[in-house]
Each structure stands twice: as structure tokens, then as C-alpha cells.
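Participant: Have a look at this one.
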Amino acid sequence: MSSAQQKMFHEGKVAPLDINNVDTDQIIPKQFLTSVSREGFGEALFFDWRYLDDEKPNPDFVLNEDRYQGATVLLTRENFGCGSSREHAPWALQQYGFNVIIASSFADIFFNNCINNQMLPIRLTEAQIESLFQQATGSDPVDVTVDLQGQKLTMADVTVEFDIDSSIKQRLLSGQDFIGVSEAYIEQIVAFEQSEGRDKAWR
Amino acid sequence: MAKTLYQKIWEAHHITQINEQTALLYIDRHLVHEVTSPQAFAGLRDKNRIVRRADKTFATMDHNVSTKSRTMAAASPVAQKQLNALSTNCEEFGVTLFDLNHPNQGVVHVMGPELGITLPGHTIVCGDSHTSTHGAFGALAFGIGTSEVEHVLATQTLQQKMSKTLRIEINGEVHSQITSKDIALAIIGVTGTAGGTGYVAEFCGTAIRALSMEARMTLCNMSIELGAKAGIIAPDEKTFEYIKGREFAPKGDDFAAAKQHWQTFFSDDDAEFDLTVKLDAADIKPQVTWGTSPEQVLSIDDAVPDPEQEPNLIKADAIRKAIAYMGLSVGQKITDIKVDTVFIGSCTNSRIEDLRSAAAQIGGRKITEGMRALVVPGSVRVREQAIEEGLDIIFKDAGFEWREPGCSMCLAMNDDRLAPKERCASTSNRNFEGRQGKESRTHLVSPAMAALAAIHGHFFDIRKEH
């Protein structure tokens with residue numbers, strides 16, 4: 001399969017994180033932001049929830065349960081990724097193994113950061129999220145199939161369609177370098193800078 | 001057709017449409033700091049790209065600097081590596097840097113406005129969510145991730161989709177002791193932390209017009225805490241007076257021309273907004289957050305809520321968890337909550353007016369015995385101004401520690417942090433779990449309310465103080 005085809009479909013195990021307003025300070029605490037690299041954040045994901053004081057895994061945290069090991073899809077609630085703009089948050093989620101995040105809403109900056117890292121954030125209604133939680137929190141782990149091209153996902157008995165901006169969808173499918181796309185408009189950018197009134201230093 | 005302020009700024013920066021939904025927007029100012037930029041500069045290097053408009057890019061050191069000493073050696077070894085990386089990157093790519101030895105150094109959102117880098121009608125971005133602060137000048141200012149930092153460095157543009165518009169109208173007069181921090185928290189109490197998601201919020205009404213520039217910055221700073229992409233206030237004479245004479249602001253004839261341009265940035269009377277929220281200024285009381293989200297906020301005369309009274313089960317669960325995390329009990333009065341530490345600082349509340357307002361509460365008194373209280377000015381300039389006014393002496397005589405500028409205990413990336421279960425009255429912007437240190441307990445308040453908590457040892461109704 002080409003990389004674009006790989007991105008059209010995703011199949012993997014779902015981990016449910018049944019909390020509203022998960023902020024990026026929880027996703028990756030500040031002590032891990034001192035890195036100058038884009039790598040090495042997976043171990044620190046949800047650090048304060050995931051580990052006890054002696055840095056042993058916290059048995060009460062959902063991602064530490066045996067049945068959710070190897071999960072690649074995170075199911076959560078409202079306003080996921082709120083707070084700090086740190087892109088370390090999607091880096092940590094991705095490096096842990098999550099490629100798809102399903103929530104009833106996302107904070108704006110976090111949503112954009114996901115797209116910039118080829119991760120798929122899927123927004124569903126609260127009722128849909130509720131029904132997925134019912135599927136995903138049984139004693140056995142469940143897999144989900146996500147079809148980006150067809151804009152639908154299937155989890156056990158439930159299939160739901162999801163909305164996504166066509167431009168974002170196109171971007172995820174093509175895997176384009178965003179900067180390269182903008183650079184192609186360099187003539188317009190320069191013309192804009194030289195247009196009347198924009199030549200002043202204070203502009 | 002009638003337009004909103006946001007639409008006017010958008011159109012003034014619209015280069016072209018990339019597809020039906022996405023525009024290429026020009027960025028006027030890019031502010032950079034040490035934490036969210038190293039990977040962006042590395043990306044440029046990898047692809048042999050340059051910083052396209054270094055003249056529109058300004059960097060400072062703030063997030064992880066020591067506030068005890070101006071030396072690099074006072075920062076932790078990992079922080080030093082990041083600070084050194086910023087120095088190297090700025091030198092290599094020709095970006096102006098206000099480092100620890102520079103008189104312009106400060107918290108990025110204090111530094112930009114006070115130097116006149118932030119101007120009305122601008123588009124301003126920074127790899128920091130509190131970039132919304134600069135909206136106080138009638139600029140479209142918002143936080144971005146590191147990939148976008150790299151994008152702006154390389155192109156001086158961003159690919160953007162137009163947001164919806166939210167009008168937050170506050171009319172009437174606030175009580176004399178109510179600050180814009182209280183207004184901001186009261187708004188979030190109404191909208192919730194996701195109420196502004198997908199919107200650019202414009203603040204308007206007589207109570208907003210009455211605010212000083214510093215107070216407007218505090219309000220716009222907190223607009224990210226209601227989830228808004230940006231917060232914005234139309235510029236007026238106060239704005240122009242504030243800008244006049246600042247280091248990077250236009251001078252002489254240029255200022256006159258600029259002012260004429262800036263005066264075009266306002267929402268037309270009949271402009272339509274997607275959503276309007278109205279508050280009566282007279283109803284706003286001193287605000288204190290009790291929980292682990294800025295929306296978990298109450299007036300000073302309230303008590304910790306009962307989760308059993310919350311009909312939404314997920315919210316009830318969040319209340320239960322927050323009460324446990326914060327070590328509070330249902331029905332506990334806010335004024336009965338004892339405080340261990342007081343932090344006055346951050347991009348929300350570390351400007352000269354904030355320090356004046358806090359110092360004015362002291363009245364020759366001392367902080368409570370055993371209390372730790374920090375004042376961390378937002379910039380070298382704020383610090384010097386405060387010293388000139390004798391505020392440092394007032395704070396020190398009362399028992400406060402008088403520190404060097406930086407982000408400090410707002411996010412506790414340096415060594416200014418709370419111990420587990422330590423309780424703080426903080427003038428910062430987020431009371432998230434662990435924000436000020438693992439298991440830290442944060443209550444967000446105004447600088448005046450923070451100073452009073454330091455004096456009394458617990459939260460105190462400022463209206464009863466005067």
C-alpha cells in the first residue's frame with residue numbers, strides 16, 4: 001500500500017479515557033518540555049496519572065490496564081487538549097502509539113497540532129461518544145476501524161459517520177509538507193508585502 | 001456590508017485562498033521563546049530554510065529561567081541547554097533576542113506590548129497559548145504549535161480557516177475593587193472552558209472601555225481559558241497613548257499615519273456575531289477558582305459546591321475529583337480556605353499596575369507567619385519601574401520575596417514550584433492538576449486578592465477591606 005492508502009484506513013485497539021477537559025499539562029507535564037528534540041515523549045505521556053511517586057505504573061490508571069496495552073485509538077470526552085499550546089502533547093500521544101483520537105470536542109490549538117503531525121482527531125456528538133464508551137469499556141478490549149476516505153468508523157456493533165473539513169482530510173490523505181504548500185505562493189506573499197501601505201516598518 | 005473587527009484584520013492580511021476553507025494569512029509579528037522553538041529551528045536547518053522575515057521576529061527567554069538570579073548558571077542543566085539553543089538559533093538565523101542580560105528581557109506577552117512590538121491591526125503569533133494577550137491592542141493574536149512556529153519562521157504566513165465570532169459585552173460599572181481578572185474569571189464561569197472553542201472573542205461594552213491597557217491585557221490573556229482562539233478589544237485613545245513613544249513603535253509622522261490606520265479597526269455597529277454573551281459589570285464579585293479547571297470558579301462569598309446537586313453526571317464526577325484533589329470539603333466557605341503560598345506574577349498579572357494593586361493592599365502589614373509569598377515582575381522594565389516607585393520595599397518589608405522576571409511558578413518549569421498538596425493563591429491563568437508542581441493546589445485570583453490572602457492567611461473579601 002502507498003502511504004496515502006495506509007492513512008485512509010486505520011484499525012486498532014481503543015483505550016477509553018473517560019474524563020472531560022483533559023489539558024495538555026496532563027498529557028505531558030512541564031518537566032518534559034525542556035527537550036530540544038521531537039523524540040522521546042511517549043514514556044512521559046500522562047506522566048502524573050500513569051506513574052506512582054516511585055515511578056512504578058499506577059495500577060488505577062486506565063492506560064496501565066493489561067487489556068488496553070497496544071491501543072492506537074484514544075476515546076475521550078469534551079474539550080480534549082485544552083490549555084497550553086505545547087506540541088509535545090500530540091508528540092507524546094503519537095510516540096506512545098495513538099494515531100486517532102475520538103472526542104466530542106477538541107481545543108483549537110491541539111486540533112491543529114494533531115493535523116500537523118498526521119494524527120486524526122475525530123469529533124463526534126456526545127451521544128455518539130457515549131455509545132462508543134459503552135462498547136469500549138466492556139471486559140474485553142475492542143478494535144475500531146476508521147475509514148478516513150469514507151468518513152466512518154466502526155467499533156463492535158456501532159458504525160458512525162464523522163465530519164471532517166475537506167481541506168484537512170485532503171491534507172491527511174496526501175501527507176503534504178504544509179510549509180512547502182505555502183512556499184509555492186511565494187510570489188503572492190512578496191507582492192502582498194510590497195503592496196501599498198505595507199512597506200512601512202511598523203506594518 | 002458591516003464587518004467585525006476580526007473580519008477587518010483577516011481581510012487586511014489575506015494573501016490568497018489555498019482552497020475553499022483555507023486562506024493564507026500574513027503574519028506581522030512572531031514572538032519566540034526557548035521552550036517551543038528549538039524543534040522549529042531544527043526543522044529549518046534540516047530543510048535548508050531561512051527565517052524569512054527576521055525583522056518581524058523577536059525572541060526572549062522566559063519560561064524556564066531562574067527568578068533568583070540573572071545568571072544562566074542558576075537555571076537547571078536541561079534548561080541551560082534549551083536557553084543556549086535559543087541563543088545559538090537566534091544568532092544563526094539573525095533573530096533579535098532579548099536574553100538574560102538584556103534590559104528588554106521579560107515574559108514574552110509582557111515584553112511585546114511594553115516595547116511597542118505589539119500594534120493594533122496586527123496579526124501576532126507565538127508558540128504559546130497566552131498569545132491572546134496581545135488582542136488587547138486590537139491585534140489578532142493567537143498561540144500556535146511548534147510545527148506552525150516553523151511555518152511562520154519559513155514563510156511569515158499561516159494557513160488558516162476563519163473562526164466564528166463571539167461578542168462578549170459587559171456594560172455598567174464594576175465595584176471599585178473588581179479587576180479585569182475577576183471579569184475574566186466571571187466570564188469563564190458562564191461560558192465554561194470550552195464555550196469559546198472555534199470562536200474569536202471580541203470584548204466590548206462600557207465596562208471594557210473603562211479598563212486600562214494593562215487590565216485589557218489580563219482579560220485578553222484569559223480568553224484562551226474559555227477556549228477562544230483569540231480575544232480582541234478594539235483600539236481607542238488609551239491604546240494609542242500607551243503605544244506612543246515605545247521603543248519599536250512608529251515615531252513622529254509615522255505615528256500619525258499609523259494611528260489613522262489603526263483607527264479603522266473596530267466592529268461596525270451592525271456587524272453580526274455568531275454568538276453574544278452579556279454580563280452586567282455590577283454583578284461581578286471578587287472571583288476565586290476552587291477546582292482544577294478555570295471554569296470551576298466562585299465568588300468570594302460562595303462555598304465549595306456539592307456534586308450531588310450537579311445534574312450532569314460527568315460534571316458531577318469532575319466536581320468530586322476536583323474536591324478530592326484540592327483537599328476541600330463540600331460546603332466549605334471560600335473565605336475559610338487557608339493558603340500556604342502566594343504567587344504574584346505570570347503573563348496574566350505581572351505588569352506594573354498589577355504590582356501597584358497588590359502593594360496597595362499591604363498597608364504596612366506583614367504576610368502571615370509561615371507563608372511563602374513571591375512577587376515575580378513580568379519584565380526587567382516592570383521590575384525597574386516598580387523599584388523606582390518603591391514597590392519592592394513595600395513587598396520586602398511585608399515579607400514577600402522580590403524576584404527577577406520570568407514565567408516562574410505559573411507553570412513551574414524552573415525551581416519555583418509548589419510541594420505536593422501545597423496550596424497557592426496565584427495570579428496566573430491555570431489551576432490544572434500539577435500545573436504548579438506535582439499535586440499542587442492552585443486558586444486563581446487577582447493580584448489584590450492574592451496580596452490579601454498573604455496578609456490574612458486565607459482568602460478574604462476585598463470589599464470588606466475598604
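Simple scheme: letters A, B, ... for chains in C-alpha cells order, numbers from 1 for residues in each chain, numbers from 1 for ligands in the order shown.
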Pick out the chain A residues within 6 Å of chain B. Count only C-alpha atoms. Give them as a VMD selection string.

Facilitator: chain A and resid 30 34 36 to 37 79 84 to 85 87 113 179 202

Participant: Any chance you can output those residues with all heavy atoms as a compact mmCIF listing (two decimals), in the first residue's frame?

Facilitator:
```txt
# COMPACT_ATOMS: atom_id res chain seq x y z
N LYS A 30 5.18 19.68 32.44
CA LYS A 30 6.21 20.67 32.07
C LYS A 30 7.64 20.18 32.16
O LYS A 30 8.49 20.62 31.39
CB LYS A 30 6.04 21.91 32.93
CG LYS A 30 6.60 21.86 34.34
CD LYS A 30 5.74 21.19 35.37
CE LYS A 30 4.78 22.10 36.04
NZ LYS A 30 3.51 21.66 36.40
N THR A 34 11.67 20.47 28.41
CA THR A 34 13.00 21.07 28.29
C THR A 34 13.81 20.43 27.17
O THR A 34 14.92 20.86 26.90
CB THR A 34 13.78 20.95 29.60
OG1 THR A 34 13.64 19.63 30.07
CG2 THR A 34 13.24 21.92 30.64
N VAL A 36 15.12 19.57 23.45
CA VAL A 36 15.24 20.33 22.20
C VAL A 36 14.96 19.43 21.00
O VAL A 36 15.14 19.83 19.86
CB VAL A 36 16.63 21.01 22.06
CG1 VAL A 36 16.81 22.06 23.15
CG2 VAL A 36 17.75 19.99 22.12
N SER A 37 14.51 18.20 21.28
CA SER A 37 14.24 17.24 20.20
C SER A 37 12.75 16.97 20.10
O SER A 37 11.97 17.32 20.99
CB SER A 37 15.02 15.95 20.52
OG SER A 37 14.26 14.81 20.26
N ASN A 79 -13.60 18.74 25.03
CA ASN A 79 -12.53 19.74 25.20
C ASN A 79 -11.17 19.10 25.43
O ASN A 79 -10.37 19.59 26.23
CB ASN A 79 -12.90 20.68 26.36
CG ASN A 79 -12.15 22.01 26.31
OD1 ASN A 79 -11.74 22.45 25.24
ND2 ASN A 79 -11.98 22.62 27.45
N SER A 84 -2.30 24.70 27.40
CA SER A 84 -1.04 25.08 26.75
C SER A 84 -0.98 24.62 25.29
O SER A 84 -1.48 23.55 24.93
CB SER A 84 0.12 24.47 27.54
OG SER A 84 1.29 24.41 26.79
N SER A 85 -0.29 25.42 24.47
CA SER A 85 -0.17 25.12 23.03
C SER A 85 0.88 24.06 22.74
O SER A 85 1.08 23.68 21.59
CB SER A 85 0.22 26.40 22.28
OG SER A 85 1.48 26.88 22.74
N GLU A 87 3.17 21.45 21.51
CA GLU A 87 3.00 20.39 20.52
C GLU A 87 3.57 19.08 21.05
O GLU A 87 3.35 18.00 20.49
CB GLU A 87 3.69 20.80 19.20
CG GLU A 87 3.26 19.97 18.01
CD GLU A 87 3.63 20.61 16.68
OE1 GLU A 87 3.41 21.83 16.52
OE2 GLU A 87 4.15 19.89 15.80
N ASN A 113 -2.41 21.03 15.98
CA ASN A 113 -1.15 20.34 16.22
C ASN A 113 -1.24 18.86 15.80
O ASN A 113 -0.27 18.29 15.29
CB ASN A 113 -0.75 20.43 17.70
CG ASN A 113 -0.22 21.80 18.07
OD1 ASN A 113 0.17 22.59 17.21
ND2 ASN A 113 -0.20 22.11 19.36
N ILE A 179 4.54 23.53 4.89
CA ILE A 179 5.39 24.68 4.59
C ILE A 179 5.64 24.75 3.08
O ILE A 179 5.58 25.82 2.48
CB ILE A 179 6.72 24.59 5.37
CG1 ILE A 179 6.42 24.60 6.88
CG2 ILE A 179 7.67 25.72 4.98
CD1 ILE A 179 7.63 24.46 7.78
N TRP A 202 6.59 49.73 10.54
CA TRP A 202 5.65 49.42 11.63
C TRP A 202 4.54 48.47 11.18
O TRP A 202 3.81 47.94 12.02
CB TRP A 202 5.07 50.70 12.24
CG TRP A 202 4.44 51.65 11.26
CD1 TRP A 202 5.07 52.66 10.60
CD2 TRP A 202 3.09 51.67 10.80
NE1 TRP A 202 4.18 53.32 9.78
CE2 TRP A 202 2.96 52.72 9.88
CE3 TRP A 202 1.96 50.88 11.10
CZ2 TRP A 202 1.76 53.02 9.24
CZ3 TRP A 202 0.77 51.18 10.45
CH2 TRP A 202 0.67 52.24 9.54
```

Participant: So which bits of segment 34-100 of chain A end up helix (DSSP H, G or I) when you DSSP the backbone, as a ChimeraX atom specification?

Facilitator: /A:42-44,47-50,62-64,66-68,88-96

Participant: Mind giving me the straight-line distance from atom CA of Pro305 of chain B to atom CA of Ile187 of chain B in Å, one decimal?

Facilitator: 18.4 Å

Participant: Could you give me, as a list in words, the residues within 8 Å of Val14 of chain A, counting only C-alpha atoms and dropping anything in the same chain fewer than 2 positions from it?

Facilitator: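 The residues that qualify are Gly12, Pro16, Tyr68, Ala71, Thr72, Val73, Leu74, Leu75, Ala136, Pro141, Val142, Asp143 and Val144 of chain A.
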
Participant: One number please: atom CA of Met326 of chain B to atom CA of Val339 of chain B, in Å, one decimal.

Facilitator: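 Atom CA of Val339 of chain B lies at a distance of 11.7 Å from atom CA of Met326 of chain B.
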